[in-house]
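Asker: Quick one: this structure, given as structure tokens, is what I'll be asking you about.
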Amino acid sequence: LMDSNDDLDWEEWKPNKISFVNHMIAGSFAGLTEHVSIFPIDTLKTHLQCERCGSTSVFQTWRCASKIVKNEGIFRLWRGVSAMFAGCIPAHAAYFSVYEYVKKSLYVNNHDHQPLQAGLAGASASIAHDMFMTPFDVVKQRMQLGYYNSIFHCIKSLYFKEGLISFYVSLPTTLFMNIPQAGIIVAVNESLKKILNPNSNYDIQSSMISGGVAGASAALITTPLDVIKTKLQTRDLEPCPKYSINKSSNIVSYYQSNSINNTKKIYVH
């Protein structure tokens, strides 16, 4: 039977129970599962932030989603997911490696309440994550909007038309967004777990509440920067003409861009 005092939180590494390599692999696949499961919502977020399909509100974006599914099929919402696959595993491996290293260096443990140290560990891990993930995120968002035939076509076109810098043009904004985001998530999550589950017993309900509140708090603060990041990563794209046909896959693309002040809308994810 399981010891009731075992802390089974997925982000915590237990050296006496699992090797760090296995912990890192598990964390990478956990992140991969997370991204795949919410990828359709991420696609809608990208369309909203780029003001596609007249998306001036969340409700119009959902109507746009219904058109995408009706005309192009449900799997259109996963277009670009292969770019996320390519970047997610090494990025999350780096995240967990740095996270555990900084926690150990700052003597962060499960018994003391140390939100500042935990937040610093999360922020440091975020830097390592973004160095790997940002180029793939650029490709992913452009694919989500219906451009290019494949991720290799996107990478080749970006490199020769816009240069290597195009893959990292959003990195400063991404770091400026994700460092406080990771710090807030870890600090709020650690604090709420101590309040809701002071004995550190396995409790899925308290873990879900802590993680949900932590994620919502971070998203509320950093979403405006996320809009800026998306604008940078999709800059210089020619507008997709209404009802244009993608010859390589016979996919109908009917998105049009509008010039609407992006500071008037916030989409929390």
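By convention here, the chains of the structure tokens are called A, B, ... in the order presented, each chain's residues are numbered starting at 1, and ligands are numbered starting at 1 in the order presented.
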Running DSSP on the backbone, which parts of range 146-191 of chain A land in helix (DSSP H, G or I), as a ChimeraX atom specification?
Answerer: /A:151-162,164-167,171-191
Asker: Excluding same-chain residues fewer than 3 positions from range 121-133 of chain A, what lies within 7 Å of it counting only C-alpha atoms, as a VMD selection string?
Answerer: chain A and resid 87 to 88 90 to 92 94 to 96 98 to 99 102 to 103 117 to 118 136 to 137 175 178 to 180 182 to 183 186
Asker: Would you mind listing what lies within 10 Å of Met177 in chain A as a list in words, with only C-alpha atoms counted and same-chain residues fewer than 5 positions away left out?
Answerer: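 Residues near the query, excluding close chain neighbours: Ser126, Leu171, Pro172, Ala182, Ala218, Ala219, Ile221, Thr222, Thr223, Pro224, Leu225, Asp226, Ile228 and Lys229 of chain A.
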Asker: Using the selection just defined, write its residues with N, CA, C and O atoms as a PDB file, in the first residue's frame.
Answerer:
```pdb
ATOM      1  N   SER A 126      12.469  28.362 -16.635  1.00  0.00           N
ATOM      2  CA  SER A 126      11.760  28.922 -17.777  1.00  0.00           C
ATOM      3  C   SER A 126      12.726  29.454 -18.838  1.00  0.00           C
ATOM      4  O   SER A 126      12.462  29.338 -20.040  1.00  0.00           O
ATOM      5  N   LEU A 171      12.117  36.204 -28.529  1.00  0.00           N
ATOM      6  CA  LEU A 171      12.711  35.645 -27.315  1.00  0.00           C
ATOM      7  C   LEU A 171      12.747  36.628 -26.148  1.00  0.00           C
ATOM      8  O   LEU A 171      12.394  36.247 -25.020  1.00  0.00           O
ATOM      9  N   PRO A 172      13.165  37.902 -26.352  1.00  0.00           N
ATOM     10  CA  PRO A 172      13.144  38.836 -25.206  1.00  0.00           C
ATOM     11  C   PRO A 172      11.754  38.988 -24.590  1.00  0.00           C
ATOM     12  O   PRO A 172      11.604  38.969 -23.364  1.00  0.00           O
ATOM     13  N   ALA A 182       6.420  31.774 -14.776  1.00  0.00           N
ATOM     14  CA  ALA A 182       6.882  30.567 -14.094  1.00  0.00           C
ATOM     15  C   ALA A 182       7.068  30.828 -12.607  1.00  0.00           C
ATOM     16  O   ALA A 182       6.728  29.984 -11.767  1.00  0.00           O
ATOM     17  N   ALA A 218      -1.097  33.569 -13.041  1.00  0.00           N
ATOM     18  CA  ALA A 218       0.007  33.903 -13.938  1.00  0.00           C
ATOM     19  C   ALA A 218      -0.505  34.375 -15.299  1.00  0.00           C
ATOM     20  O   ALA A 218       0.003  35.340 -15.868  1.00  0.00           O
ATOM     21  N   ALA A 219      -1.532  33.691 -15.824  1.00  0.00           N
ATOM     22  CA  ALA A 219      -2.071  34.062 -17.134  1.00  0.00           C
ATOM     23  C   ALA A 219      -2.701  35.442 -17.110  1.00  0.00           C
ATOM     24  O   ALA A 219      -2.570  36.221 -18.062  1.00  0.00           O
ATOM     25  N   ILE A 221      -1.863  37.995 -15.455  1.00  0.00           N
ATOM     26  CA  ILE A 221      -0.841  39.045 -15.418  1.00  0.00           C
ATOM     27  C   ILE A 221      -0.047  39.120 -16.718  1.00  0.00           C
ATOM     28  O   ILE A 221       0.323  40.203 -17.176  1.00  0.00           O
ATOM     29  N   THR A 222       0.198  37.985 -17.351  1.00  0.00           N
ATOM     30  CA  THR A 222       1.145  37.943 -18.476  1.00  0.00           C
ATOM     31  C   THR A 222       0.503  37.868 -19.857  1.00  0.00           C
ATOM     32  O   THR A 222       1.218  37.935 -20.867  1.00  0.00           O
ATOM     33  N   THR A 223      -0.817  37.760 -19.958  1.00  0.00           N
ATOM     34  CA  THR A 223      -1.456  37.622 -21.262  1.00  0.00           C
ATOM     35  C   THR A 223      -1.179  38.786 -22.220  1.00  0.00           C
ATOM     36  O   THR A 223      -0.962  38.549 -23.411  1.00  0.00           O
ATOM     37  N   PRO A 224      -1.174  40.050 -21.776  1.00  0.00           N
ATOM     38  CA  PRO A 224      -0.837  41.137 -22.724  1.00  0.00           C
ATOM     39  C   PRO A 224       0.509  40.932 -23.408  1.00  0.00           C
ATOM     40  O   PRO A 224       0.662  41.224 -24.603  1.00  0.00           O
ATOM     41  N   LEU A 225       1.494  40.405 -22.681  1.00  0.00           N
ATOM     42  CA  LEU A 225       2.791  40.122 -23.288  1.00  0.00           C
ATOM     43  C   LEU A 225       2.698  38.967 -24.270  1.00  0.00           C
ATOM     44  O   LEU A 225       3.431  38.914 -25.262  1.00  0.00           O
ATOM     45  N   ASP A 226       1.791  38.036 -24.002  1.00  0.00           N
ATOM     46  CA  ASP A 226       1.596  36.910 -24.914  1.00  0.00           C
ATOM     47  C   ASP A 226       1.058  37.391 -26.252  1.00  0.00           C
ATOM     48  O   ASP A 226       1.407  36.855 -27.315  1.00  0.00           O
ATOM     49  N   ILE A 228       1.692  40.344 -27.581  1.00  0.00           N
ATOM     50  CA  ILE A 228       2.836  40.968 -28.245  1.00  0.00           C
ATOM     51  C   ILE A 228       3.745  39.901 -28.848  1.00  0.00           C
ATOM     52  O   ILE A 228       4.233  40.037 -29.979  1.00  0.00           O
ATOM     53  N   LYS A 229       3.967  38.822 -28.097  1.00  0.00           N
ATOM     54  CA  LYS A 229       4.815  37.728 -28.590  1.00  0.00           C
ATOM     55  C   LYS A 229       4.249  37.142 -29.882  1.00  0.00           C
ATOM     56  O   LYS A 229       4.982  36.900 -30.852  1.00  0.00           O
TER      57      LYS A 229
END
```
Asker: I want to know what sits within 8 Å of Lys193 in chain A, based on only C-alpha atoms, with residues of the same chain fewer than 4 positions away left out; could you give that as a list in words?
Answerer: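 Skipping anything fewer than 4 positions along the chain leaves Asn189, Asn197, Pro198, Ser200, Ser206, Ser207 and Ser210 of chain A.
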Asker: Could you jot down the CA of Ser28 in chain A to CA of Lys156 in chain A separation for me, Å, one decimal place?
Answerer: 26.9 Å
Asker: What is the CA of Gly163 in chain A to CA of Lys231 in chain A distance in Å?
Answerer: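 So the two atoms, CA of Gly163 in chain A and CA of Lys231 in chain A, lie 17.5 Å apart.
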